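Novice: Structure file run_14.txt (compact mmCIF, C-alpha atoms) right here:
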```txt
# COMPACT_ATOMS: atom_id res chain seq x y z
CA MET A 1 -20.12 14.56 24.19
CA ALA A 2 -23.85 13.86 24.49
CA LYS A 3 -25.83 13.92 21.23
CA VAL A 4 -29.36 15.24 20.90
CA VAL A 5 -32.01 12.66 20.05
CA THR A 6 -34.30 13.67 17.17
CA PHE A 7 -38.07 13.96 17.62
CA ILE A 8 -38.74 10.72 15.72
CA GLU A 9 -36.02 8.88 17.64
CA LYS A 10 -37.44 10.11 20.95
CA GLU A 11 -40.84 8.52 20.37
CA PHE A 12 -39.24 5.29 19.15
CA ILE A 13 -36.90 5.08 22.14
CA LEU A 14 -39.66 5.71 24.66
CA SER A 15 -41.90 3.13 22.96
CA GLN A 16 -39.13 0.52 23.11
CA ILE A 17 -38.41 1.24 26.77
CA GLN A 18 -42.10 1.02 27.65
CA LYS A 19 -42.52 -2.26 25.75
CA ALA A 20 -39.43 -3.86 27.29
CA GLY A 21 -40.21 -2.65 30.80
CA SER A 22 -36.63 -1.38 31.11
CA PRO A 23 -35.69 0.34 34.39
CA VAL A 24 -35.80 4.12 34.51
CA LEU A 25 -33.72 5.98 37.12
CA VAL A 26 -34.82 9.36 38.48
CA PHE A 27 -32.46 11.54 40.54
CA GLY A 28 -33.59 14.54 42.56
CA SER A 29 -31.81 16.53 45.24
CA GLY A 30 -30.86 13.92 47.85
CA LYS A 31 -33.22 11.28 46.49
CA LYS A 32 -33.39 8.54 43.91
CA LEU A 33 -36.14 6.41 42.38
CA GLU A 34 -36.15 3.37 40.12
CA GLY A 35 -39.27 2.54 38.13
CA SER A 36 -40.60 1.70 34.69
CA LEU A 37 -42.18 3.76 31.94
CA LYS A 38 -45.95 3.39 32.31
CA SER A 39 -47.11 5.83 29.59
CA PHE A 40 -46.21 8.99 27.68
CA ASP A 41 -47.73 11.49 25.28
CA LYS A 42 -46.51 14.72 23.65
CA GLU A 43 -46.41 16.60 26.96
CA LEU A 44 -46.16 14.14 29.88
CA LEU A 45 -44.32 10.99 30.87
CA CYS A 46 -45.51 8.70 33.67
CA ILE A 47 -43.10 6.49 35.62
CA ARG A 48 -44.52 3.64 37.73
CA ALA A 49 -42.50 3.00 40.88
CA THR A 50 -43.66 2.42 44.44
CA ALA A 51 -45.68 4.77 46.59
CA LEU A 52 -42.80 4.95 49.06
CA GLY A 53 -40.39 5.92 46.28
CA ALA A 54 -42.69 8.39 44.54
CA GLU A 55 -43.69 10.24 47.69
CA GLN A 56 -40.10 11.52 48.06
CA PHE A 57 -40.82 13.90 45.18
CA LYS A 58 -43.05 16.95 45.04
CA ALA A 59 -44.66 18.86 42.18
CA TRP A 60 -42.17 21.08 40.32
CA ASP A 61 -39.10 19.31 41.65
CA SER A 62 -36.32 19.34 39.07
CA VAL A 63 -35.05 15.85 38.26
CA SER A 64 -32.51 14.08 36.05
CA VAL A 65 -33.79 10.94 34.30
CA TYR A 66 -31.70 8.07 32.93
CA LEU A 67 -32.89 5.22 30.72
CA ALA A 68 -31.46 2.64 28.33
CA TYR A 69 -32.43 0.99 25.03
CA GLN A 70 -30.64 -1.45 22.70
CA GLY A 71 -27.37 -1.08 24.59
CA GLN A 72 -27.45 2.72 24.53
CA ARG A 73 -28.11 5.24 27.27
CA ALA A 74 -30.24 8.38 27.18
CA THR A 75 -30.88 11.13 29.71
CA PHE A 76 -32.95 14.27 30.10
CA ALA A 77 -33.84 16.91 32.68
CA ALA A 78 -37.49 17.35 33.62
CA LYS A 79 -39.94 18.81 36.13
CA VAL A 80 -42.24 16.75 38.32
CA ARG A 81 -45.80 17.67 37.41
CA ARG A 82 -47.59 15.56 40.02
CA VAL A 83 -47.28 12.50 42.25
CA SER A 84 -50.17 10.06 42.27
CA GLY A 85 -49.71 7.03 44.48
CA ALA A 86 -46.89 4.99 42.92
CA ASP A 87 -46.86 7.11 39.75
CA LEU A 88 -44.46 9.98 39.12
CA VAL A 89 -45.67 12.22 36.28
CA LEU A 90 -43.00 14.33 34.58
CA SER A 91 -43.03 16.96 31.87
CA LEU A 92 -41.69 15.46 28.65
CA PRO A 93 -38.72 17.56 27.56
CA GLU A 94 -38.05 18.72 24.03
CA ASN A 95 -34.63 17.04 23.97
CA LEU A 96 -33.20 13.71 25.04
CA PHE A 97 -29.43 13.17 24.97
CA LYS A 98 -27.62 10.00 23.97
CA ALA A 99 -24.47 8.48 25.46
CA PRO A 100 -23.68 10.81 28.37
CA GLN A 101 -20.10 10.36 29.60
CA ARG A 102 -20.07 12.68 32.60
CA LYS A 103 -18.35 11.46 35.75
CA SER A 104 -21.31 12.34 37.96
CA VAL A 105 -25.08 12.53 37.75
CA ARG A 106 -26.35 16.09 37.58
CA VAL A 107 -29.23 17.13 39.82
CA ALA A 108 -30.95 20.37 40.71
CA PRO A 109 -29.44 21.85 43.89
CA PRO A 110 -31.37 21.53 47.18
CA GLN A 111 -33.47 24.62 47.89
CA ASP A 112 -31.45 25.54 50.97
CA MET A 113 -28.11 25.26 49.17
CA GLN A 114 -26.10 28.38 48.35
CA LEU A 115 -23.06 28.58 46.08
CA GLU A 116 -20.67 31.52 46.11
CA PHE A 117 -17.37 32.01 44.37
CA PHE A 118 -14.37 34.32 44.30
CA LEU A 119 -12.14 34.85 41.30
CA GLN A 120 -8.38 34.61 41.57
CA ASN A 121 -7.93 38.35 41.07
CA GLU A 122 -10.06 39.57 43.95
CA ARG A 123 -7.25 41.22 45.91
CA VAL A 124 -5.48 42.70 42.89
CA ARG A 125 -6.23 46.41 42.55
CA ILE A 126 -4.75 48.10 39.47
CA ASP A 127 -5.34 51.66 38.27
CA CYS A 128 -6.04 50.51 34.71
CA PRO A 129 -9.26 50.10 32.70
CA GLU A 130 -11.32 46.99 33.37
CA SER A 131 -12.44 45.09 30.28
CA SER A 132 -15.58 43.00 29.86
CA GLU A 133 -13.42 39.84 29.57
CA TYR A 134 -11.80 38.01 32.48
CA SER A 135 -8.69 36.04 31.53
CA GLU A 136 -6.79 33.59 33.73
CA LEU A 137 -3.04 34.19 34.12
CA GLU A 138 -1.45 31.00 32.85
CA MET A 139 1.45 30.18 30.57
CA PRO A 140 0.01 29.41 27.12
CA ALA A 141 1.13 26.57 24.88
CA LEU A 142 4.29 27.87 23.20
CA SER A 143 4.50 27.84 19.41
CA VAL A 144 6.14 31.10 18.28
CA GLY A 145 9.48 30.54 20.02
CA PHE A 146 9.61 33.45 22.47
CA GLN A 147 12.34 33.26 25.10
CA THR A 148 10.67 32.86 28.50
CA ASP A 149 13.70 32.72 30.82
CA SER A 150 13.11 36.27 32.04
CA ILE A 151 11.05 39.33 31.18
CA THR A 152 14.13 40.89 29.58
CA SER A 153 14.74 37.90 27.31
CA LEU A 154 11.02 37.76 26.50
CA LEU A 155 10.99 41.41 25.41
CA ASP A 156 14.19 40.97 23.42
CA SER A 157 12.81 37.95 21.56
CA PHE A 158 9.58 39.83 20.79
CA LYS A 159 11.55 42.73 19.36
CA ALA A 160 13.78 40.46 17.29
CA LYS A 161 10.95 38.38 15.83
CA SER A 162 8.53 41.23 15.17
CA SER A 163 11.21 43.29 13.37
CA THR A 164 11.38 40.63 10.65
CA MET A 165 7.61 40.40 10.24
CA PHE A 166 6.18 43.89 10.64
CA THR A 167 7.13 47.46 9.72
CA ARG A 168 6.55 48.56 13.29
CA SER A 169 5.84 46.87 16.59
CA GLY A 170 5.65 47.97 20.19
CA ILE A 171 4.20 47.62 23.66
CA VAL A 172 2.06 50.33 25.24
CA MET A 173 1.34 50.13 28.98
CA PHE A 174 -1.52 51.89 30.77
CA ASN A 175 -1.32 53.35 34.27
CA LYS A 176 -2.91 56.11 36.34
CA ASP A 177 -1.32 58.75 34.12
CA ARG A 178 -1.69 56.94 30.79
CA LYS A 179 -5.28 56.04 30.02
CA PRO A 180 -6.73 54.74 26.72
CA GLU A 181 -7.10 57.69 24.35
CA SER A 182 -7.66 56.73 20.71
CA ILE A 183 -10.74 54.87 19.52
CA GLU A 184 -8.57 51.79 18.95
CA GLU A 185 -7.22 51.87 22.53
CA ARG A 186 -10.69 52.34 23.95
CA LEU A 187 -12.06 49.39 21.96
CA VAL A 188 -9.43 46.88 23.11
CA SER A 189 -9.67 48.13 26.70
CA GLU A 190 -13.44 47.77 26.72
CA PHE A 191 -13.72 44.33 25.12
CA GLY A 192 -10.43 42.75 26.18
CA ARG A 193 -10.08 41.40 22.65
CA THR A 194 -7.79 41.98 19.69
CA LEU A 195 -8.56 44.68 17.16
CA LEU A 196 -7.40 43.35 13.79
CA ILE A 197 -7.52 45.88 10.95
CA PRO A 198 -6.55 43.88 7.84
CA SER A 199 -6.86 46.97 5.65
CA MET A 200 -7.66 50.62 6.17
CA GLN A 201 -9.99 50.34 3.18
CA SER A 202 -12.15 47.49 4.51
CA PRO A 203 -14.35 46.81 7.56
CA LEU A 204 -13.29 44.77 10.55
CA PRO A 205 -13.82 40.98 10.46
CA SER A 206 -17.50 40.09 10.53
CA THR A 207 -16.98 36.87 12.49
CA ASP A 208 -14.57 35.58 15.12
CA PRO A 209 -13.12 32.15 14.23
CA TYR A 210 -11.63 31.61 17.69
CA PRO A 211 -13.83 29.40 19.92
CA GLU A 212 -12.89 31.29 23.09
CA GLY A 213 -13.38 34.71 21.46
CA ARG A 214 -10.33 36.78 20.55
CA LEU A 215 -11.43 39.36 17.98
CA ILE A 216 -13.45 42.56 17.98
CA THR A 217 -15.92 42.19 15.12
CA GLN A 218 -17.40 45.02 13.09
CA ALA A 219 -20.72 44.57 14.89
CA MET A 220 -19.00 44.96 18.28
CA ALA A 221 -17.23 48.14 17.15
CA ASP A 222 -20.49 49.58 15.80
CA ALA A 223 -22.27 48.82 19.08
CA PHE A 224 -19.44 50.46 21.02
CA GLU A 225 -19.69 53.69 19.04
CA GLY A 226 -23.48 53.70 19.34
CA PRO A 227 -26.07 55.91 17.62
CA SER A 228 -23.63 58.82 17.32
CA VAL A 229 -22.28 57.27 14.11
CA PHE A 230 -25.48 58.33 12.33
CA LEU A 231 -24.98 61.99 13.25
CA GLU A 232 -21.23 62.36 13.51
CA GLY A 233 -19.98 59.42 11.48
CA SER A 234 -17.75 56.60 12.73
CA GLU A 235 -14.73 57.65 14.76
CA LEU A 236 -12.99 54.43 13.77
CA GLU A 237 -13.56 55.12 10.06
CA ARG A 238 -12.19 58.64 10.47
CA SER A 239 -9.11 57.16 12.13
CA HIS A 240 -8.68 54.76 9.20
CA SER A 241 -8.94 57.61 6.72
CA GLN A 242 -6.31 59.60 8.57
CA LYS A 243 -3.94 56.63 8.68
CA THR A 244 -4.39 56.02 4.99
CA THR A 245 -2.94 59.49 4.36
CA GLU A 246 -0.02 58.43 6.56
CA HIS A 247 0.49 55.36 4.30
CA VAL A 248 -0.52 52.83 6.97
CA VAL A 249 -1.68 49.57 5.33
CA SER A 250 -2.73 47.36 8.24
CA GLU A 251 -2.76 47.40 12.07
CA LEU A 252 -3.33 45.19 15.07
CA TYR A 253 -3.98 46.06 18.72
CA CYS A 254 -3.85 43.11 21.15
CA PRO A 255 -4.71 43.85 24.80
CA ILE A 256 -2.48 42.65 27.61
CA LEU A 257 -5.00 41.30 30.12
CA TYR A 258 -4.06 40.94 33.78
CA TYR A 259 -7.19 39.10 34.83
CA GLN A 260 -9.89 41.59 33.74
CA TYR A 261 -7.57 44.62 33.73
CA ALA A 262 -6.36 45.91 30.35
CA ILE A 263 -2.88 46.93 31.48
CA GLY A 264 -1.71 47.77 27.96
CA TYR A 265 -1.59 46.38 24.43
CA ILE A 266 0.66 44.96 21.74
CA TYR A 267 0.85 47.08 18.58
CA LEU A 268 1.74 45.71 15.12
CA MET A 269 1.68 47.68 11.88
CA ASN A 270 2.59 47.42 8.22
CA ASP A 271 2.83 50.39 5.87
CA GLU A 272 3.91 50.96 2.28
CA ASP A 273 7.39 49.69 3.08
CA ARG A 274 5.85 46.26 3.74
CA LYS A 275 2.56 46.06 1.88
CA VAL A 276 1.28 42.96 3.65
CA CYS A 277 -2.13 42.85 5.32
CA LEU A 278 -2.08 41.47 8.86
CA ASP A 279 -4.07 38.27 9.34
CA PHE A 280 -4.77 35.57 11.93
CA ARG A 281 -1.09 34.66 12.08
CA ALA A 282 -0.42 38.13 13.46
CA VAL A 283 -3.29 37.66 15.92
CA ASP A 284 -1.78 34.39 17.18
CA PHE A 285 1.68 35.99 17.45
CA ALA A 286 0.47 38.94 19.52
CA TRP A 287 -1.95 36.84 21.61
CA GLU A 288 0.75 34.35 22.65
CA PHE A 289 3.19 37.11 23.54
CA SER A 290 0.58 39.02 25.57
CA LYS A 291 -0.30 35.87 27.55
CA ILE A 292 3.34 35.12 28.33
CA LEU A 293 3.99 38.72 29.33
CA ALA A 294 0.98 38.86 31.67
CA TYR A 295 1.95 35.55 33.27
CA SER A 296 5.56 36.75 33.71
CA LEU A 297 4.35 39.91 35.43
CA LYS A 298 2.35 37.79 37.87
CA VAL A 299 5.27 35.45 38.60
CA ASN A 300 7.53 38.43 39.24
CA ASN A 301 4.95 40.15 41.53
CA TYR A 302 4.80 43.20 39.31
CA TYR A 303 1.29 44.00 40.62
CA ARG A 304 1.02 43.53 44.37
CA ILE A 305 -1.95 42.00 46.17
CA ASP A 306 -3.98 44.26 48.46
CA GLU A 307 -4.39 42.06 51.53
CA SER A 308 -6.63 44.63 53.24
CA PHE A 309 -9.28 44.51 50.53
CA GLN A 310 -12.24 42.21 51.35
CA PRO A 311 -14.19 41.47 48.17
CA ASP A 312 -17.82 40.43 48.04
CA PRO A 313 -18.44 36.94 46.61
CA TYR A 314 -20.28 36.32 43.35
CA GLN A 315 -23.63 34.61 43.90
CA PRO A 316 -24.80 32.98 40.67
CA ARG A 317 -27.89 30.87 40.18
CA VAL A 318 -27.03 27.15 40.15
CA VAL A 319 -28.81 25.40 37.27
CA ASN A 320 -27.54 21.95 38.21
CA LEU A 321 -24.83 20.43 40.34
CA SER A 322 -22.94 17.17 40.59
CA ALA A 323 -20.10 15.73 42.64
CA THR A 324 -17.62 16.87 39.98
CA GLY A 325 -18.99 20.16 38.65
CA CYS A 326 -21.88 22.55 38.18
CA LEU A 327 -23.67 24.72 35.65
CA LEU A 328 -23.94 28.35 36.76
CA LEU A 329 -26.21 31.07 35.41
CA MET A 330 -25.19 34.73 35.66
CA PRO A 331 -27.59 37.45 34.40
CA LYS A 332 -25.92 39.82 31.95
CA SER A 333 -27.64 42.75 33.65
CA THR A 334 -25.92 41.95 36.97
CA PHE A 335 -22.56 40.45 36.00
CA ALA A 336 -20.76 42.60 33.46
CA VAL A 337 -17.54 40.56 33.22
CA LYS A 338 -17.48 37.49 30.98
CA LEU A 339 -15.37 34.60 32.28
CA LYS A 340 -13.12 33.02 29.69
CA HIS A 341 -12.62 29.29 29.25
CA GLY A 342 -10.11 28.12 31.86
CA THR A 343 -11.01 30.72 34.49
CA VAL A 344 -10.25 29.41 38.00
CA MET A 345 -12.53 30.22 40.95
CA ASP A 346 -12.65 29.48 44.67
CA ILE A 347 -16.07 27.99 45.45
CA ARG A 348 -17.99 27.84 48.72
CA ILE A 349 -21.11 25.63 48.93
CA SER A 350 -23.28 25.76 52.07
CA ARG A 351 -26.50 24.20 53.36
CA GLN A 352 -28.78 26.05 55.77
CA ALA A 353 -30.42 22.90 57.10
CA SER A 354 -27.24 21.04 58.04
CA HIS A 355 -24.86 24.02 58.32
CA ALA A 356 -22.48 21.98 56.15
CA ILE A 357 -19.91 24.03 54.23
CA VAL A 358 -17.81 22.70 51.36
CA THR A 359 -14.95 24.66 49.80
CA MET A 360 -13.19 23.71 46.58
CA THR A 361 -11.61 25.09 43.43
CA GLY A 362 -13.32 25.07 40.04
CA ARG A 363 -12.37 25.83 36.45
CA VAL A 364 -14.66 27.08 33.66
CA ALA A 365 -14.82 24.28 31.08
CA ARG A 366 -17.44 25.78 28.76
CA ARG A 367 -19.43 28.94 28.27
CA PHE A 368 -22.58 29.79 26.34
CA ASP A 369 -25.27 32.44 26.55
CA ASP A 370 -28.77 33.45 25.58
CA LYS A 371 -30.37 36.87 25.32
CA ASP A 372 -30.32 37.59 29.05
CA ASN A 373 -27.82 35.24 30.70
CA GLU A 374 -24.32 33.80 30.59
CA TYR A 375 -23.93 30.10 31.43
CA TYR A 376 -20.73 28.54 32.77
CA GLY A 377 -20.00 24.84 33.02
CA VAL A 378 -17.50 24.51 35.89
CA GLY A 379 -15.46 21.42 36.73
CA PHE A 380 -14.19 20.92 40.28
CA LEU A 381 -10.42 20.52 40.64
CA ASN A 382 -8.79 18.00 42.98
CA ALA A 383 -11.52 18.17 45.62
CA GLU A 384 -10.56 16.82 49.06
CA GLN A 385 -12.17 13.47 49.86
CA ASN A 386 -14.11 14.78 52.88
CA ALA A 387 -15.50 17.69 50.85
CA LEU A 388 -16.47 15.31 48.04
CA ILE A 389 -18.31 12.95 50.39
CA THR A 390 -20.18 15.85 52.03
CA LEU A 391 -21.25 17.16 48.64
CA GLN A 392 -22.33 13.71 47.44
CA GLN A 393 -24.47 13.21 50.54
CA SER A 394 -26.13 16.57 49.91
CA LEU A 395 -26.89 15.81 46.28
CA TYR A 396 -27.71 12.12 46.20
CA ALA A 397 -29.54 9.60 48.35
CA GLU A 398 -27.34 8.74 51.30
CA SER A 399 -27.08 4.98 50.86
CA GLY A 400 -23.65 3.64 49.93
CA GLU A 401 -24.93 2.25 46.63
CA SER A 402 -26.33 5.55 45.44
CA LEU A 403 -23.02 7.29 46.06
CA ILE A 404 -21.76 5.43 42.98
CA CYS A 405 -22.84 8.35 40.85
CA ASP A 406 -20.71 7.93 37.72
CA GLU A 407 -23.17 7.94 34.80
CA SER A 408 -21.23 5.21 33.02
CA SER A 409 -21.64 2.90 36.04
CA LEU A 410 -25.40 3.30 36.50
CA GLU A 411 -27.06 -0.09 36.47
CA LEU A 412 -29.73 0.08 33.79
CA GLY A 413 -31.29 -3.22 32.81
CA GLY A 414 -32.96 -4.09 29.56
CA GLN A 415 -29.97 -3.01 27.45
CA HIS A 416 -29.87 -6.11 25.33
CA GLY A 417 -32.56 -4.69 23.02
```
Could you spell out this file's structure in structure tokens?
Specialist:
Amino acid sequence: MAKVVTFIEKEFILSQIQKAGSPVLVFGSGKKLEGSLKSFDKELLCIRATALGAEQFKAWDSVSVYLAYQGQRATFAAKVRRVSGADLVLSLPENLFKAPQRKSVRVAPPQDMQLEFFLQNERVRIDCPESSEYSELEMPALSVGFQTDSITSLLDSFKAKSSTMFTRSGIVMFNKDRKPESIEERLVSEFGRTLLIPSMQSPLPSTDPYPEGRLITQAMADAFEGPSVFLEGSELERSHSQKTTEHVVSELYCPILYYQYAIGYIYLMNDEDRKVCLDFRAVDFAWEFSKILAYSLKVNNYYRIDESFQPDPYQPRVVNLSATGCLLLMPKSTFAVKLKHGTVMDIRISRQASHAIVTMTGRVARRFDDKDNEYYGVGFLNAEQNALITLQQSLYAESGESLICDESSLELGGQHG
């Protein structure tokens, strides 16, 4: 993984590169330049190349820059501020990154390029609530020991194992006649995450320790209930109070997600007969079972595909693109569903100028967000050679040499220090 270069390191690195005259590579959409670092200050960086090389670029082009010092590599993304003869002046970014190990150089997409994608669920229509989480239907890594030979054996093994661990366990399925009713059911259906209630006397967990996001935190529950809690009190707290009178000690509700549909949930409970608070082990138990059950339903065609339904594609903004993946931006105001790590999508990339169309499959490898947007790092899966070559020619300069776009193979001189 690339490491961020500190402010002091950045100035030192750039000074060493300038002094040594080490080559600097600049990649734009369908173009490439090799030059040397002429000068830099706190805001700008000037690369001296040739007039023929520099004139390929225009002000405000997005570029990816690669350089080397003392046997190490560094990279950063920047904007072209101006082109002056043989000089390419770039904005100096806040961050440089050391030791990139990506398989392909990332560049900003050409202006006439459009990327669309479809999710794997697009022709599945289920009369169940849709959650804000999208989950891929895949067999999880098995650790609990559930029997997966058939749905019947799976259910039997769940019943047998849960009976030794919890006072009560069960599976509740939603359909057109059975919608979420209680506050707990509405929460798991909305968020597509597990509601863990360690104790009826304490709040929900304040943080979620799972990297991919599995738990409904207290803050999420408060936001779901909204301002009404100040006038009417918390519905969830009232439910806890009622269950305390019924001698319930701890509960767990784990949604069964069929893509984004909450088709039901796993229920676990302990009461005064087993005064043990449920914890993350119970979360893992229910999560694994719910994943296996959802996958088994898919394999057995429990929910049929509607072949007549023609979905509209998603059209995200492409932050950057390479021959092996892309970074997509999706505004939270437009795209309500969050894609989980591992989500598979069918991707269509087209160019207006050349009418070239590339289709491939991608998988979400990472996800992060800011106040307004969700970002998804997507890796392409087993792309056909013709599609890969077409995409490379769209993204990089078209000479054979420049199609060698693996970052680890970039020829950067001056690495001896």
Novice: Give me the residues near Glu212 in chain A as an NGL selection string, where near means some atom within 9 Å (using all atoms listed in the file) and where sequence neighbours in that chain fewer than 6 positions away do not count.
Specialist: :A and (340-341 or 367)
Novice: Counting only C-alpha atoms, what are the residues of range 183-216 of chain A within 12 Å of range 281-293 of chain A, and for each of them which pair of atoms is the nearest and at what distance in Å, to one decimal? Sort the table by chain and rising number, as CSV.
Specialist:
```
residue,atom,partner,partner_atom,distance
A:Gly192,CA,A:Trp287,CA,11.3
A:Arg193,CA,A:Trp287,CA,9.4
A:Thr194,CA,A:Val283,CA,7.3
A:Leu195,CA,A:Val283,CA,8.9
A:Leu196,CA,A:Val283,CA,7.3
A:Ile197,CA,A:Val283,CA,10.5
A:Pro198,CA,A:Ala282,CA,10.1
A:Asp208,CA,A:Val283,CA,11.5
A:Pro209,CA,A:Val283,CA,11.4
A:Tyr210,CA,A:Asp284,CA,10.2
A:Gly213,CA,A:Trp287,CA,11.6
A:Arg214,CA,A:Trp287,CA,8.4
A:Leu215,CA,A:Val283,CA,8.6
A:Ile216,CA,A:Val283,CA,11.5
```
Novice: Separation of CA of Gln70 in chain A and CA of Gly28 in chain A, in Å?
Specialist: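 These two atoms are separated by 25.7 Å.
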Novice: Counting only C-alpha atoms, figure out which residue out of A:Ala223, A:Val63, A:Leu268, A:Ala323 gets nearest to Thr164 in chain A.
Specialist: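 Of A:Ala223, A:Val63, A:Leu268, A:Ala323, the one nearest Thr164 in chain A, counting only C-alpha atoms, is A:Leu268.
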Novice: With range 356-364 of chain A as the partner and 10 Å as the cut-off, tabulate the residues of range 113-202 of chain A that qualify, each row holding the nearest pair of atoms and their distance in Å to one decimal, using only C-alpha atoms, sorted by chain and rising number, as a tab-separated table.
Specialist:
```
residue	atom	partner	partner_atom	distance
A:Met113	CA	A:Ala356	CA	9.5
A:Gln114	CA	A:Ile357	CA	9.6
A:Leu115	CA	A:Val358	CA	9.5
A:Glu116	CA	A:Thr359	CA	9.7
A:Phe117	CA	A:Thr361	CA	9.1
A:Phe118	CA	A:Thr361	CA	9.7
A:Leu119	CA	A:Gly362	CA	9.9
A:Glu136	CA	A:Arg363	CA	9.9
```
Novice: Between CA of Tyr253 in chain A and CA of Ser132 in chain A, what is the distance in Å, rounded to a tenth?
Specialist: 16.4 Å
Novice: Just the number, please: distance in Å from CA of Val80 in chain A to CA of Leu321 in chain A, one decimal.
Specialist: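 So the answer is 17.9 Å.
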Novice: Which residues come within 12 Å of His355 in chain A, counting all atoms listed in the file, excluding same-chain residues fewer than 5 positions away, as a list in words?
Specialist: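 The residues that qualify are Asp112, Met113, Gln114, Ile349, Ser350, Thr390 and Ser394 of chain A.
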Novice: Between A:Ile183, A:Ala54, A:Leu45, A:Ala294, single out the one closest to Leu137 in chain A, counting only C-alpha atoms.
Specialist: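 Looking at the shortest contact to Leu137 in chain A, the residue is A:Ala294.
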Novice: Compare A:Val26, A:Cys277, A:Ala78, A:Leu67 by their minimum atom-to-atom distance to Ser202 in chain A, counting all atoms listed in the file, and give me the closest one.
Specialist: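 Looking at the shortest contact to Ser202 in chain A, the residue is A:Cys277.
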Novice: Quick one: everything within 9 Å of Ser84 in chain A, counting only C-alpha atoms, minus sequence neighbours fewer than 3 positions away in the same chain. Send it as a list in words.
Specialist: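 The neighbour list is Ala51, Ala54, Glu55, Asp87, Leu88 and Val89 of chain A.
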Novice: Please list as a CSV table (one decimal) with C-alpha atoms, in the coordinates of the input every residue within 9 Å of Ser239 in chain A, counting all atoms listed in the file and excluding residues in the same chain fewer than 5 positions away.
Specialist:
```csv
chain,number,residue,atom,x,y,z
A,182,SER,CA,-7.7,56.7,20.7
A,183,ILE,CA,-10.7,54.9,19.5
A,184,GLU,CA,-8.6,51.8,19.0
A,200,MET,CA,-7.7,50.6,6.2
A,234,SER,CA,-17.8,56.6,12.7
A,244,THR,CA,-4.4,56.0,5.0
```
Novice: Select all residues near (-16.6, 59.0, 14.8) (cut-off 12 Å, inclusive, file coordinates), counting only C-alpha atoms, and output them as a PyMOL selection string.
Specialist: chain A and resi 182-184+221-222+224-241
Novice: With all atoms listed in the file as the basis for distance, which of A:Ile266, A:Arg81, A:Gln392, A:Gln260 is at the shortest distance from Leu339 in chain A?
Specialist: A:Gln260
Novice: Smallest atom-to-atom distance to Cys326 in chain A: which of A:Phe380, A:Phe12, A:Tyr259, A:Tyr302, using only C-alpha atoms?
Specialist: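 The answer is A:Phe380, which sits nearest to Cys326 in chain A.
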Novice: Pick out the residues sitting within 12 Å of Gln16 in chain A, and hand them over as a PDB file with C-alpha atoms, keeping the file's coordinate frame; count only C-alpha atoms, and ignore anything fewer than 5 positions along from it in its own chain.
Specialist:
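Just written: around28.pdb:
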```pdb
ATOM      1  CA  GLU A   9     -36.020   8.880  17.640  1.00  0.00           C
ATOM      2  CA  LYS A  10     -37.440  10.110  20.950  1.00  0.00           C
ATOM      3  CA  GLU A  11     -40.840   8.520  20.370  1.00  0.00           C
ATOM      4  CA  GLY A  21     -40.210  -2.650  30.800  1.00  0.00           C
ATOM      5  CA  SER A  22     -36.630  -1.380  31.110  1.00  0.00           C
ATOM      6  CA  PRO A  23     -35.690   0.340  34.390  1.00  0.00           C
ATOM      7  CA  SER A  36     -40.600   1.700  34.690  1.00  0.00           C
ATOM      8  CA  LEU A  37     -42.180   3.760  31.940  1.00  0.00           C
ATOM      9  CA  LYS A  38     -45.950   3.390  32.310  1.00  0.00           C
ATOM     10  CA  SER A  39     -47.110   5.830  29.590  1.00  0.00           C
ATOM     11  CA  PHE A  40     -46.210   8.990  27.680  1.00  0.00           C
ATOM     12  CA  LEU A  67     -32.890   5.220  30.720  1.00  0.00           C
ATOM     13  CA  ALA A  68     -31.460   2.640  28.330  1.00  0.00           C
ATOM     14  CA  TYR A  69     -32.430   0.990  25.030  1.00  0.00           C
ATOM     15  CA  GLN A  70     -30.640  -1.450  22.700  1.00  0.00           C
ATOM     16  CA  GLY A  71     -27.370  -1.080  24.590  1.00  0.00           C
ATOM     17  CA  GLN A  72     -27.450   2.720  24.530  1.00  0.00           C
ATOM     18  CA  GLY A 414     -32.960  -4.090  29.560  1.00  0.00           C
ATOM     19  CA  GLN A 415     -29.970  -3.010  27.450  1.00  0.00           C
ATOM     20  CA  HIS A 416     -29.870  -6.110  25.330  1.00  0.00           C
ATOM     21  CA  GLY A 417     -32.560  -4.690  23.020  1.00  0.00           C
TER      22      GLY A 417
END
```
Novice: Considering all atoms listed in the file, can you say which of A:Glu190, A:Glu138, A:Glu94, A:Asp41 comes closest to Leu297 in chain A?
Specialist: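 The answer is A:Glu138, which sits nearest to Leu297 in chain A.
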